[in-house]
>>> print(open('start.tsv').read())   # TSV, C-alpha atoms
chain	number	residue	atom	x	y	z
V	1	MET	CA	-46.34	-36.37	17.19
V	2	THR	CA	-43.50	-33.90	16.74
V	3	PRO	CA	-40.22	-35.81	17.21
V	4	LEU	CA	-37.67	-34.88	19.85
V	5	VAL	CA	-34.17	-34.32	18.52
V	6	SER	CA	-31.18	-34.36	20.86
V	7	ILE	CA	-28.25	-32.14	19.84
V	8	VAL	CA	-25.02	-33.53	21.33
V	9	ILE	CA	-21.86	-31.41	21.60
V	10	PRO	CA	-18.55	-32.63	23.08
V	11	SER	CA	-16.84	-29.60	24.56
V	12	PHE	CA	-13.52	-28.44	25.97
V	13	ASN	CA	-12.55	-24.79	26.40
V	14	ALA	CA	-14.62	-23.79	23.39
V	15	GLY	CA	-14.11	-20.07	23.92
V	16	THR	CA	-16.48	-17.31	22.93
V	17	GLY	CA	-17.02	-18.82	19.48
V	18	LEU	CA	-19.34	-21.37	21.10
V	19	GLU	CA	-21.91	-18.59	21.51
V	20	GLN	CA	-22.25	-18.36	17.73
V	21	VAL	CA	-22.89	-22.11	17.49
V	22	LEU	CA	-25.52	-22.07	20.24
V	23	CYS	CA	-27.31	-19.03	18.83
V	24	ALA	CA	-27.38	-20.64	15.37
V	25	ILE	CA	-28.98	-23.76	16.88
V	26	GLU	CA	-31.63	-21.64	18.59
V	27	SER	CA	-32.43	-19.78	15.36
V	28	GLN	CA	-33.52	-22.88	13.45
V	29	ASP	CA	-36.84	-22.80	11.61
V	30	SER	CA	-37.52	-26.50	12.20
V	31	GLU	CA	-40.61	-27.26	14.27
V	32	VAL	CA	-39.09	-30.35	15.90
V	33	ARG	CA	-38.67	-30.32	19.65
V	34	ARG	CA	-35.03	-30.04	20.71
V	35	GLU	CA	-32.84	-30.77	23.69
V	36	LEU	CA	-29.17	-29.84	24.01
V	37	VAL	CA	-26.77	-32.27	25.67
V	38	ALA	CA	-23.10	-31.38	26.08
V	39	ILE	CA	-20.33	-33.56	27.44
V	40	ASP	CA	-17.40	-31.57	28.73
V	41	SER	CA	-13.81	-32.70	29.30
V	42	GLY	CA	-12.82	-30.23	32.01
V	43	SER	CA	-13.34	-26.74	30.58
V	44	THR	CA	-12.07	-23.82	32.66
V	45	ASP	CA	-12.88	-20.90	30.34
V	46	GLY	CA	-16.60	-20.45	30.94
V	47	THR	CA	-17.71	-23.05	28.38
V	48	ILE	CA	-19.86	-24.94	30.89
V	49	GLU	CA	-21.56	-21.78	32.10
V	50	ARG	CA	-22.21	-20.68	28.51
V	51	LEU	CA	-23.78	-24.05	27.67
V	52	ARG	CA	-26.05	-23.94	30.71
V	53	GLN	CA	-27.17	-20.40	29.87
V	54	HIS	CA	-28.50	-21.84	26.61
V	55	GLY	CA	-30.37	-24.63	28.40
V	56	ALA	CA	-27.92	-27.47	27.86
V	57	VAL	CA	-27.68	-30.49	30.10
V	58	VAL	CA	-23.93	-30.72	30.75
V	59	LEU	CA	-22.31	-34.07	31.46
V	60	ASN	CA	-18.67	-34.43	32.43
V	61	VAL	CA	-15.74	-36.68	31.69
V	62	PRO	CA	-12.43	-36.37	33.58
V	63	PRO	CA	-9.91	-33.92	32.10
V	64	GLY	CA	-7.80	-35.85	29.63
V	65	GLY	CA	-10.39	-38.63	29.49
V	66	PHE	CA	-11.89	-37.69	26.14
V	67	ASN	CA	-12.22	-40.48	23.58
V	68	HIS	CA	-13.98	-39.91	20.26
V	69	GLY	CA	-16.10	-43.05	20.54
V	70	GLU	CA	-16.68	-43.57	24.25
V	71	THR	CA	-17.31	-39.91	25.08
V	72	ARG	CA	-20.01	-39.66	22.43
V	73	ASN	CA	-21.50	-42.92	23.70
V	74	ALA	CA	-21.70	-41.48	27.21
V	75	ALA	CA	-23.58	-38.44	25.93
V	76	LEU	CA	-25.90	-40.50	23.74
V	77	SER	CA	-26.77	-42.71	26.71
V	78	ALA	CA	-28.34	-39.64	28.33
V	79	VAL	CA	-30.44	-38.36	25.40
V	80	ARG	CA	-34.22	-38.56	25.29
V	81	GLY	CA	-34.70	-38.07	21.55
V	82	ALA	CA	-35.22	-40.71	18.88
V	83	PHE	CA	-32.67	-38.85	16.73
V	84	ALA	CA	-29.38	-37.32	17.82
V	85	VAL	CA	-27.47	-34.60	16.02
V	86	LEU	CA	-23.74	-34.90	16.69
V	87	LEU	CA	-22.01	-31.54	16.36
V	88	VAL	CA	-18.53	-30.35	17.26
V	89	GLN	CA	-18.15	-27.19	19.31
V	90	ASP	CA	-16.81	-25.03	16.47
V	91	ALA	CA	-19.10	-26.12	13.62
V	92	VAL	CA	-21.51	-23.23	13.05
V	93	PRO	CA	-24.83	-23.96	11.32
V	94	ALA	CA	-24.82	-21.73	8.26
V	95	SER	CA	-28.55	-21.05	7.97
V	96	SER	CA	-31.88	-21.36	9.76
V	97	THR	CA	-32.74	-24.40	7.60
V	98	TRP	CA	-29.68	-26.45	8.63
V	99	LEU	CA	-31.50	-28.68	11.10
V	100	ALA	CA	-34.51	-29.36	8.87
V	101	ALA	CA	-32.22	-30.32	5.98
V	102	LEU	CA	-30.12	-32.61	8.16
V	103	LEU	CA	-33.20	-34.36	9.56
V	104	GLU	CA	-35.12	-34.70	6.29
V	105	PRO	CA	-33.49	-37.95	5.02
V	106	ILE	CA	-33.71	-39.75	8.34
V	107	LEU	CA	-37.28	-38.68	9.10
V	108	ASN	CA	-38.57	-39.71	5.66
V	109	ASP	CA	-36.88	-43.10	5.28
V	110	ALA	CA	-36.77	-45.68	8.08
V	111	SER	CA	-33.87	-47.48	6.39
V	112	VAL	CA	-31.56	-44.47	6.90
V	113	ALA	CA	-29.39	-44.84	9.99
V	114	GLY	CA	-27.64	-41.51	9.64
V	115	SER	CA	-27.13	-38.35	7.62
V	116	PHE	CA	-24.25	-35.92	7.56
V	117	ALA	CA	-23.85	-32.30	6.56
V	118	ARG	CA	-21.77	-30.30	4.16
V	119	GLN	CA	-18.78	-28.39	5.56
V	120	VAL	CA	-17.56	-25.09	4.17
V	121	ALA	CA	-14.39	-23.33	5.23
V	122	ALA	CA	-14.54	-20.28	7.47
V	123	PRO	CA	-14.26	-16.94	5.64
V	124	ASP	CA	-10.79	-16.37	7.11
V	125	ALA	CA	-9.50	-19.86	6.28
V	126	SER	CA	-6.21	-20.07	4.43
V	127	SER	CA	-6.22	-21.05	0.79
V	128	LEU	CA	-4.49	-24.34	1.66
V	129	THR	CA	-7.07	-25.24	4.32
V	130	ALA	CA	-9.92	-24.45	1.93
V	131	HIS	CA	-8.24	-26.54	-0.78
V	132	TYR	CA	-7.90	-29.64	1.37
V	133	LEU	CA	-11.43	-29.36	2.75
V	134	SER	CA	-12.82	-29.07	-0.78
V	135	HIS	CA	-11.54	-32.58	-1.55
V	136	TRP	CA	-13.42	-34.25	1.31
V	137	VAL	CA	-16.76	-35.87	0.46
V	138	ALA	CA	-18.46	-33.69	3.09
V	139	ALA	CA	-17.67	-30.59	1.04
V	140	GLY	CA	-19.35	-31.65	-2.19
V	141	GLU	CA	-22.58	-30.27	-3.62
V	142	GLN	CA	-24.12	-33.58	-4.72
V	143	HIS	CA	-26.62	-35.43	-2.53
V	144	ARG	CA	-25.58	-39.04	-1.91
V	145	ALA	CA	-27.37	-42.09	-0.50
V	146	ILE	CA	-25.48	-45.33	-0.08
V	147	GLY	CA	-25.96	-48.86	1.24
V	148	PRO	CA	-26.70	-51.30	2.50
V	149	PHE	CA	-23.92	-53.77	1.63
V	150	THR	CA	-23.47	-57.45	2.19
V	151	HIS	CA	-20.14	-58.67	3.50
V	152	ASP	CA	-19.47	-60.17	0.08
V	153	ASP	CA	-20.17	-56.80	-1.57
V	154	PHE	CA	-17.77	-55.13	0.80
V	155	ASP	CA	-15.03	-57.73	0.35
V	156	ARG	CA	-15.17	-57.32	-3.44
V	157	MET	CA	-14.55	-53.56	-3.21
V	158	SER	CA	-11.09	-52.06	-3.48
V	159	PRO	CA	-9.77	-50.51	-0.25
V	160	ALA	CA	-10.30	-47.02	-1.68
V	161	ASP	CA	-13.89	-47.83	-2.62
V	162	ARG	CA	-14.57	-49.23	0.86
V	163	HIS	CA	-13.35	-46.00	2.38
V	164	ALA	CA	-15.41	-43.90	-0.02
V	165	ALA	CA	-18.53	-45.97	0.64
V	166	CYS	CA	-18.19	-45.55	4.41
V	167	ALA	CA	-17.61	-41.79	4.36
V	168	PHE	CA	-19.44	-40.27	7.32
V	169	ASP	CA	-18.49	-37.28	9.44
V	170	ASN	CA	-19.41	-36.52	13.04
V	171	VAL	CA	-18.35	-32.90	12.63
V	172	CYS	CA	-22.07	-32.63	11.89
V	173	SER	CA	-24.23	-35.72	11.59
V	174	CYS	CA	-27.62	-37.03	12.62
V	175	ILE	CA	-28.06	-40.64	13.75
V	176	ARG	CA	-31.06	-42.81	14.56
V	177	VAL	CA	-30.68	-43.54	18.26
V	178	SER	CA	-32.26	-46.99	18.01
V	179	VAL	CA	-29.55	-47.98	15.50
V	180	TRP	CA	-26.85	-46.51	17.74
V	181	ARG	CA	-28.07	-48.67	20.62
V	182	GLU	CA	-27.40	-51.74	18.49
V	183	HIS	CA	-24.16	-50.32	17.07
V	184	PRO	CA	-22.54	-47.94	19.57
V	185	PHE	CA	-19.34	-46.17	18.64
V	186	ARG	CA	-16.13	-48.07	19.31
V	187	ARG	CA	-13.42	-46.86	21.66
V	188	THR	CA	-10.95	-45.22	19.29
V	189	ALA	CA	-8.61	-42.25	19.11
V	190	ILE	CA	-10.11	-41.13	15.80
V	191	ALA	CA	-12.43	-42.17	12.93
V	192	GLU	CA	-15.23	-43.48	15.15
V	193	ASP	CA	-17.63	-42.18	12.49
V	194	LEU	CA	-16.06	-44.21	9.65
V	195	GLU	CA	-16.11	-47.40	11.70
V	196	TRP	CA	-19.73	-46.83	12.71
V	197	ALA	CA	-20.66	-46.21	9.08
V	198	ARG	CA	-19.07	-49.50	8.05
V	199	ASP	CA	-20.89	-51.38	10.81
V	200	VAL	CA	-24.36	-50.00	10.07
V	201	LEU	CA	-24.03	-50.37	6.30
V	202	LEU	CA	-23.10	-54.03	6.75
V	203	ALA	CA	-26.01	-54.43	9.18
V	204	GLY	CA	-28.54	-53.48	6.47
V	205	HIS	CA	-28.93	-49.72	6.90
V	206	ARG	CA	-28.38	-46.75	4.60
V	207	LEU	CA	-26.48	-43.49	5.02
V	208	VAL	CA	-27.14	-40.15	3.35
V	209	TYR	CA	-24.96	-37.12	2.65
V	210	THR	CA	-27.20	-34.07	2.55
V	211	PRO	CA	-25.39	-30.96	1.25
V	212	ALA	CA	-28.44	-28.77	1.88
V	213	ALA	CA	-27.43	-28.87	5.56
V	214	VAL	CA	-24.33	-26.70	5.87
V	215	VAL	CA	-21.95	-25.91	8.71
V	216	VAL	CA	-18.98	-23.54	8.68
V	217	HIS	CA	-16.00	-25.49	9.99
V	218	SER	CA	-12.27	-25.43	9.31
V	219	HIS	CA	-8.99	-25.43	11.24
V	220	GLU	CA	-5.54	-23.91	10.81
V	221	ARG	CA	-3.61	-26.70	12.52
V	222	ASN	CA	0.11	-26.67	13.13
V	223	VAL	CA	2.49	-29.03	11.35
V	224	LYS	CA	3.08	-31.33	14.32
V	225	TYR	CA	-0.67	-31.76	14.85
V	226	GLU	CA	-1.28	-32.56	11.18
V	227	LEU	CA	1.52	-35.15	11.22
V	228	GLN	CA	0.02	-36.88	14.25
V	229	ARG	CA	-3.52	-36.65	12.92
V	230	ALA	CA	-2.54	-38.11	9.54
V	231	TYR	CA	-0.75	-40.93	11.34
V	232	LEU	CA	-3.78	-41.84	13.45
V	233	VAL	CA	-6.27	-41.52	10.58
V	234	HIS	CA	-4.22	-43.75	8.30
V	235	GLN	CA	-3.71	-46.31	11.03
V	236	ARG	CA	-7.49	-46.58	11.10
V	237	LEU	CA	-7.91	-46.60	7.32
V	238	GLN	CA	-5.51	-49.51	7.06
V	239	ALA	CA	-7.22	-51.39	9.89
V	240	LEU	CA	-10.79	-50.72	8.73
V	241	PHE	CA	-10.46	-50.90	4.95
V	242	GLY	CA	-7.02	-52.25	4.14
V	243	LEU	CA	-6.18	-48.84	2.64
V	244	SER	CA	-2.57	-47.68	2.35
V	245	THR	CA	-2.45	-44.46	0.35
V	246	ILE	CA	1.35	-44.35	0.60
V	247	PRO	CA	2.48	-47.96	0.95
V	248	SER	CA	6.24	-47.71	0.43
V	249	VAL	CA	9.26	-45.46	0.95
V	250	GLY	CA	9.40	-44.85	-2.79
V	251	SER	CA	5.79	-43.70	-2.93
V	252	LEU	CA	6.44	-41.53	0.14
V	253	LEU	CA	9.32	-39.76	-1.60
V	254	ARG	CA	7.27	-39.27	-4.76
V	255	SER	CA	4.37	-37.89	-2.75
V	256	ILE	CA	6.59	-35.41	-0.92
V	257	LEU	CA	8.22	-34.26	-4.15
V	258	SER	CA	4.83	-33.53	-5.69
V	259	THR	CA	2.97	-32.26	-2.61
V	260	VAL	CA	5.53	-29.71	-1.40
V	261	PRO	CA	5.49	-27.57	-4.57
V	262	ALA	CA	1.74	-28.03	-5.04
V	263	ASN	CA	1.07	-26.84	-1.50
V	264	ALA	CA	3.46	-23.91	-1.93
V	265	ARG	CA	1.67	-22.78	-5.11
V	266	ILE	CA	-1.67	-22.81	-3.32
V	267	ALA	CA	-0.29	-20.94	-0.29
V	268	ALA	CA	1.25	-18.31	-2.55
V	269	ARG	CA	-2.28	-17.05	-3.24
V	270	GLU	CA	-2.43	-15.54	0.25
V	271	ARG	CA	-2.64	-11.77	0.27
V	272	THR	CA	-0.91	-11.32	3.63
V	273	ARG	CA	1.93	-13.14	5.43
V	274	ARG	CA	2.59	-15.02	2.20
V	275	THR	CA	6.12	-16.17	3.05
V	276	ARG	CA	4.98	-17.72	6.31
V	277	ALA	CA	2.07	-19.42	4.56
V	278	VAL	CA	4.33	-20.91	1.88
V	279	LEU	CA	6.80	-22.23	4.46
V	280	ARG	CA	3.99	-23.83	6.46
V	281	ALA	CA	2.53	-25.32	3.29
V	282	ALA	CA	5.90	-26.81	2.32
V	283	ALA	CA	6.30	-28.32	5.80
V	284	LEU	CA	2.82	-29.82	5.59
V	285	GLY	CA	3.80	-31.26	2.21
V	286	VAL	CA	6.30	-33.40	4.12
V	287	ALA	CA	4.37	-34.02	7.33
V	288	MET	CA	1.07	-35.19	5.87
V	289	PRO	CA	2.48	-37.82	3.47
V	290	LEU	CA	4.84	-38.98	6.22
V	291	GLY	CA	1.92	-39.39	8.61
V	292	GLN	CA	0.00	-41.38	6.00
V	293	TYR	CA	2.96	-43.70	5.38
V	294	LEU	CA	3.79	-44.25	9.04
V	295	GLY	CA	0.16	-44.73	10.07
V	296	ALA	CA	-0.62	-47.44	7.54
V	297	ARG	CA	2.71	-49.14	8.17
V	298	SER	CA	2.05	-49.09	11.91
V	299	ALA	CA	-1.28	-50.85	11.43
V	300	ARG	CA	0.22	-53.45	9.09
V	301	GLU	CA	3.11	-54.22	11.45
V	302	GLY	CA	1.11	-53.99	14.68
V	303	ARG	CA	3.46	-51.55	16.39
V	304	GLU	CA	3.54	-47.85	17.09
V	305	LEU	CA	5.92	-45.76	14.98
V	306	LEU	CA	4.96	-42.30	16.25
V	307	ARG	CA	3.96	-40.96	19.64
V	308	THR	CA	0.75	-38.94	19.51
V	309	THR	CA	-0.89	-36.70	22.12
V	310	GLY	CA	-3.91	-34.41	22.22
V	311	ILE	CA	-5.55	-35.40	18.94
>>> encode(input="start.tsv", output="structure tokens")
Amino acid sequence: MTPLVSIVIPSFNAGTGLEQVLCAIESQDSEVRRELVAIDSGSTDGTIERLRQHGAVVLNVPPGGFNHGETRNAALSAVRGAFAVLLVQDAVPASSTWLAALLEPILNDASVAGSFARQVAAPDASSLTAHYLSHWVAAGEQHRAIGPFTHDDFDRMSPADRHAACAFDNVCSCIRVSVWREHPFRRTAIAEDLEWARDVLLAGHRLVYTPAAVVVHSHERNVKYELQRAYLVHQRLQALFGLSTIPSVGSLLRSILSTVPANARIAARERTRRTRAVLRAAALGVAMPLGQYLGARSAREGRELLRTTGI
């Protein structure tokens, strides 16, 4: 019997770019049956109407009530498929074979709890954005299958190796719904995917990175946002894996002194608005290490060191 796959999209004022995502989903060559489930956080720009025009079931959460874990759980509770593709509203499938490639590992191996796709930067992405994305595991060209782990295996790993082992990305992923029912996402401001990966790997499942499935996805975020995001991510990395990438004031200063000029050199490749790009890159060279330091320290000390909103 042809499986039913549920494609789940959290949405909020996605703009006209959502049309490209929805059309790319509809153009897939895969013969699997599909349903589209969106969960919206109070859009006012026509996003809901656009989703319904493409046949989506649209659920709602109160404006300002979005949570990376709980909101996805609410959507997954409504799906009918045995497999659920989790996609963000601005990740555009890059080809008509995206869905088949994403599903292949999970359909062919019952031990696989989830797969995740490769991300490539948008054509108009800045050189700095493309550089940082290229260093994330979900940008690599090598297929990867990992797990399961025992708790003893996990405890013997270094914090960095634990993080690397649990790499998973809900920008574009596919999960086995029966596994999700046993291991729903946790309520968290960020990194629900990393925590879920840790839980299912320790529960005896495997995860697969499948670079043959590609989405176009990148952001040009402002400096304040990147500071707050780095803070929240590194809070979670410390809590989940014991990982502090910048553990001390001394390492923070060294990181800033090396990152600022490195970022500026990369930004200087821009062909237009180069001065602005270099200044932004230099500011990010301070903000991102500072967010890493403060986030990990916050988790270690059990107190907030930075106020964050809208991440």
>>> residues_around(input="start.tsv", residues="range 206-210 of chain V", least_positions_apart="3", cutoff="9 Å", atoms="all atoms listed in the file", output="ChimeraX atom specification")
/V:101-102,104-106,111-118,137-138,141-149,166-168,197,200-201,213-214
>>> write_last_selection(input="start.tsv", atoms="C-alpha atoms", output="PDB file, in the coordinates of the input")
ATOM      1  CA  ALA V 101     -32.220 -30.320   5.980  1.00  0.00           C
ATOM      2  CA  LEU V 102     -30.120 -32.610   8.160  1.00  0.00           C
ATOM      3  CA  GLU V 104     -35.120 -34.700   6.290  1.00  0.00           C
ATOM      4  CA  PRO V 105     -33.490 -37.950   5.020  1.00  0.00           C
ATOM      5  CA  ILE V 106     -33.710 -39.750   8.340  1.00  0.00           C
ATOM      6  CA  SER V 111     -33.870 -47.480   6.390  1.00  0.00           C
ATOM      7  CA  VAL V 112     -31.560 -44.470   6.900  1.00  0.00           C
ATOM      8  CA  ALA V 113     -29.390 -44.840   9.990  1.00  0.00           C
ATOM      9  CA  GLY V 114     -27.640 -41.510   9.640  1.00  0.00           C
ATOM     10  CA  SER V 115     -27.130 -38.350   7.620  1.00  0.00           C
ATOM     11  CA  PHE V 116     -24.250 -35.920   7.560  1.00  0.00           C
ATOM     12  CA  ALA V 117     -23.850 -32.300   6.560  1.00  0.00           C
ATOM     13  CA  ARG V 118     -21.770 -30.300   4.160  1.00  0.00           C
ATOM     14  CA  VAL V 137     -16.760 -35.870   0.460  1.00  0.00           C
ATOM     15  CA  ALA V 138     -18.460 -33.690   3.090  1.00  0.00           C
ATOM     16  CA  GLU V 141     -22.580 -30.270  -3.620  1.00  0.00           C
ATOM     17  CA  GLN V 142     -24.120 -33.580  -4.720  1.00  0.00           C
ATOM     18  CA  HIS V 143     -26.620 -35.430  -2.530  1.00  0.00           C
ATOM     19  CA  ARG V 144     -25.580 -39.040  -1.910  1.00  0.00           C
ATOM     20  CA  ALA V 145     -27.370 -42.090  -0.500  1.00  0.00           C
ATOM     21  CA  ILE V 146     -25.480 -45.330  -0.080  1.00  0.00           C
ATOM     22  CA  GLY V 147     -25.960 -48.860   1.240  1.00  0.00           C
ATOM     23  CA  PRO V 148     -26.700 -51.300   2.500  1.00  0.00           C
ATOM     24  CA  PHE V 149     -23.920 -53.770   1.630  1.00  0.00           C
ATOM     25  CA  CYS V 166     -18.190 -45.550   4.410  1.00  0.00           C
ATOM     26  CA  ALA V 167     -17.610 -41.790   4.360  1.00  0.00           C
ATOM     27  CA  PHE V 168     -19.440 -40.270   7.320  1.00  0.00           C
ATOM     28  CA  ALA V 197     -20.660 -46.210   9.080  1.00  0.00           C
ATOM     29  CA  VAL V 200     -24.360 -50.000  10.070  1.00  0.00           C
ATOM     30  CA  LEU V 201     -24.030 -50.370   6.300  1.00  0.00           C
ATOM     31  CA  ALA V 213     -27.430 -28.870   5.560  1.00  0.00           C
ATOM     32  CA  VAL V 214     -24.330 -26.700   5.870  1.00  0.00           C
TER      33      VAL V 214
END
>>> residues_near_point(input="start.tsv", point="(-39.0, -22.1, 13.5)", cutoff="12 Å", atoms="only C-alpha atoms", output="VMD selection string")
chain V and resid 24 to 34 95 to 100
>>> closest_residue(input="start.tsv", among="V:Val58, V:Leu18, V:Ile190, V:Leu4", to="Glu35 in chain V", atoms="all atoms listed in the file")
V:Leu4
>>> atom_distance(input="start.tsv", atom1="CA of Asp155 in chain V", atom2="CA of Gly242 in chain V")
10.4 Å
>>> atom_distance(input="start.tsv", atom1="CA of Asp152 in chain V", atom2="CA of His183 in chain V")
20.2 Å
>>> closest_residue(input="start.tsv", among="V:Ala125, V:Val5, V:Ala160, V:Leu22", to="Arg176 in chain V", atoms="only C-alpha atoms")
V:Val5
>>> closest_residue(input="start.tsv", among="V:Thr150, V:Val260, V:Ile7, V:Leu294", to="Arg80 in chain V", atoms="all atoms listed in the file")
V:Ile7
>>> atom_distance(input="start.tsv", atom1="CA of Gln292 in chain V", atom2="CA of Ile256 in chain V")
11.3 Å
>>> decode(input="start.tsv", residues="range 263-286 of chain V", atoms="N, CA and C atoms", output="PDB file, in the first residue's frame")
ATOM      1  N   ASN V 263      35.666  37.368   9.664  1.00  0.00           N
ATOM      2  CA  ASN V 263      34.371  37.740   9.088  1.00  0.00           C
ATOM      3  C   ASN V 263      34.509  38.888   8.092  1.00  0.00           C
ATOM      4  N   ALA V 264      35.304  39.885   8.458  1.00  0.00           N
ATOM      5  CA  ALA V 264      35.470  41.050   7.586  1.00  0.00           C
ATOM      6  C   ALA V 264      36.083  40.656   6.244  1.00  0.00           C
ATOM      7  N   ARG V 265      37.054  39.740   6.273  1.00  0.00           N
ATOM      8  CA  ARG V 265      37.669  39.285   5.016  1.00  0.00           C
ATOM      9  C   ARG V 265      36.643  38.594   4.117  1.00  0.00           C
ATOM     10  N   ILE V 266      35.792  37.783   4.730  1.00  0.00           N
ATOM     11  CA  ILE V 266      34.770  37.091   3.940  1.00  0.00           C
ATOM     12  C   ILE V 266      33.777  38.093   3.362  1.00  0.00           C
ATOM     13  N   ALA V 267      33.338  39.056   4.185  1.00  0.00           N
ATOM     14  CA  ALA V 267      32.361  40.042   3.729  1.00  0.00           C
ATOM     15  C   ALA V 267      32.926  40.957   2.658  1.00  0.00           C
ATOM     16  N   ALA V 268      34.234  41.131   2.639  1.00  0.00           N
ATOM     17  CA  ALA V 268      34.854  42.000   1.638  1.00  0.00           C
ATOM     18  C   ALA V 268      34.735  41.434   0.227  1.00  0.00           C
ATOM     19  N   ARG V 269      34.291  40.198   0.095  1.00  0.00           N
ATOM     20  CA  ARG V 269      34.084  39.604  -1.232  1.00  0.00           C
ATOM     21  C   ARG V 269      32.825  40.129  -1.911  1.00  0.00           C
ATOM     22  N   GLU V 270      31.959  40.797  -1.151  1.00  0.00           N
ATOM     23  CA  GLU V 270      30.702  41.273  -1.724  1.00  0.00           C
ATOM     24  C   GLU V 270      30.978  42.268  -2.859  1.00  0.00           C
ATOM     25  N   ARG V 271      30.172  42.197  -3.872  1.00  0.00           N
ATOM     26  CA  ARG V 271      30.359  43.068  -5.037  1.00  0.00           C
ATOM     27  C   ARG V 271      29.631  44.397  -4.874  1.00  0.00           C
ATOM     28  N   THR V 272      28.609  44.425  -4.026  1.00  0.00           N
ATOM     29  CA  THR V 272      27.867  45.661  -3.787  1.00  0.00           C
ATOM     30  C   THR V 272      27.749  45.883  -2.287  1.00  0.00           C
ATOM     31  N   ARG V 273      27.583  47.125  -1.888  1.00  0.00           N
ATOM     32  CA  ARG V 273      27.384  47.519  -0.489  1.00  0.00           C
ATOM     33  C   ARG V 273      28.433  46.852   0.415  1.00  0.00           C
ATOM     34  N   ARG V 274      29.663  46.866  -0.057  1.00  0.00           N
ATOM     35  CA  ARG V 274      30.741  46.142   0.623  1.00  0.00           C
ATOM     36  C   ARG V 274      31.022  46.712   2.012  1.00  0.00           C
ATOM     37  N   THR V 275      31.045  48.038   2.135  1.00  0.00           N
ATOM     38  CA  THR V 275      31.347  48.639   3.440  1.00  0.00           C
ATOM     39  C   THR V 275      30.319  48.227   4.486  1.00  0.00           C
ATOM     40  N   ARG V 276      29.060  48.275   4.112  1.00  0.00           N
ATOM     41  CA  ARG V 276      28.007  47.864   5.038  1.00  0.00           C
ATOM     42  C   ARG V 276      28.164  46.398   5.420  1.00  0.00           C
ATOM     43  N   ALA V 277      28.479  45.560   4.453  1.00  0.00           N
ATOM     44  CA  ALA V 277      28.646  44.132   4.714  1.00  0.00           C
ATOM     45  C   ALA V 277      29.805  43.879   5.669  1.00  0.00           C
ATOM     46  N   VAL V 278      30.909  44.592   5.496  1.00  0.00           N
ATOM     47  CA  VAL V 278      32.074  44.409   6.364  1.00  0.00           C
ATOM     48  C   VAL V 278      31.756  44.862   7.787  1.00  0.00           C
ATOM     49  N   LEU V 279      31.051  45.980   7.925  1.00  0.00           N
ATOM     50  CA  LEU V 279      30.694  46.461   9.266  1.00  0.00           C
ATOM     51  C   LEU V 279      29.762  45.473   9.963  1.00  0.00           C
ATOM     52  N   ARG V 280      28.796  44.948   9.238  1.00  0.00           N
ATOM     53  CA  ARG V 280      27.902  43.935   9.826  1.00  0.00           C
ATOM     54  C   ARG V 280      28.686  42.698  10.222  1.00  0.00           C
ATOM     55  N   ALA V 281      29.584  42.269   9.362  1.00  0.00           N
ATOM     56  CA  ALA V 281      30.387  41.075   9.645  1.00  0.00           C
ATOM     57  C   ALA V 281      31.237  41.266  10.893  1.00  0.00           C
ATOM     58  N   ALA V 282      31.828  42.464  11.044  1.00  0.00           N
ATOM     59  CA  ALA V 282      32.636  42.737  12.229  1.00  0.00           C
ATOM     60  C   ALA V 282      31.776  42.717  13.483  1.00  0.00           C
ATOM     61  N   ALA V 283      30.573  43.296  13.399  1.00  0.00           N
ATOM     62  CA  ALA V 283      29.672  43.282  14.555  1.00  0.00           C
ATOM     63  C   ALA V 283      29.254  41.864  14.916  1.00  0.00           C
ATOM     64  N   LEU V 284      29.002  41.039  13.907  1.00  0.00           N
ATOM     65  CA  LEU V 284      28.665  39.639  14.182  1.00  0.00           C
ATOM     66  C   LEU V 284      29.849  38.894  14.795  1.00  0.00           C
ATOM     67  N   GLY V 285      31.057  39.324  14.454  1.00  0.00           N
ATOM     68  CA  GLY V 285      32.253  38.712  15.035  1.00  0.00           C
ATOM     69  C   GLY V 285      32.363  38.941  16.532  1.00  0.00           C
ATOM     70  N   VAL V 286      31.662  39.943  17.027  1.00  0.00           N
ATOM     71  CA  VAL V 286      31.562  40.168  18.473  1.00  0.00           C
ATOM     72  C   VAL V 286      30.326  39.483  19.033  1.00  0.00           C
TER      73      VAL V 286
END
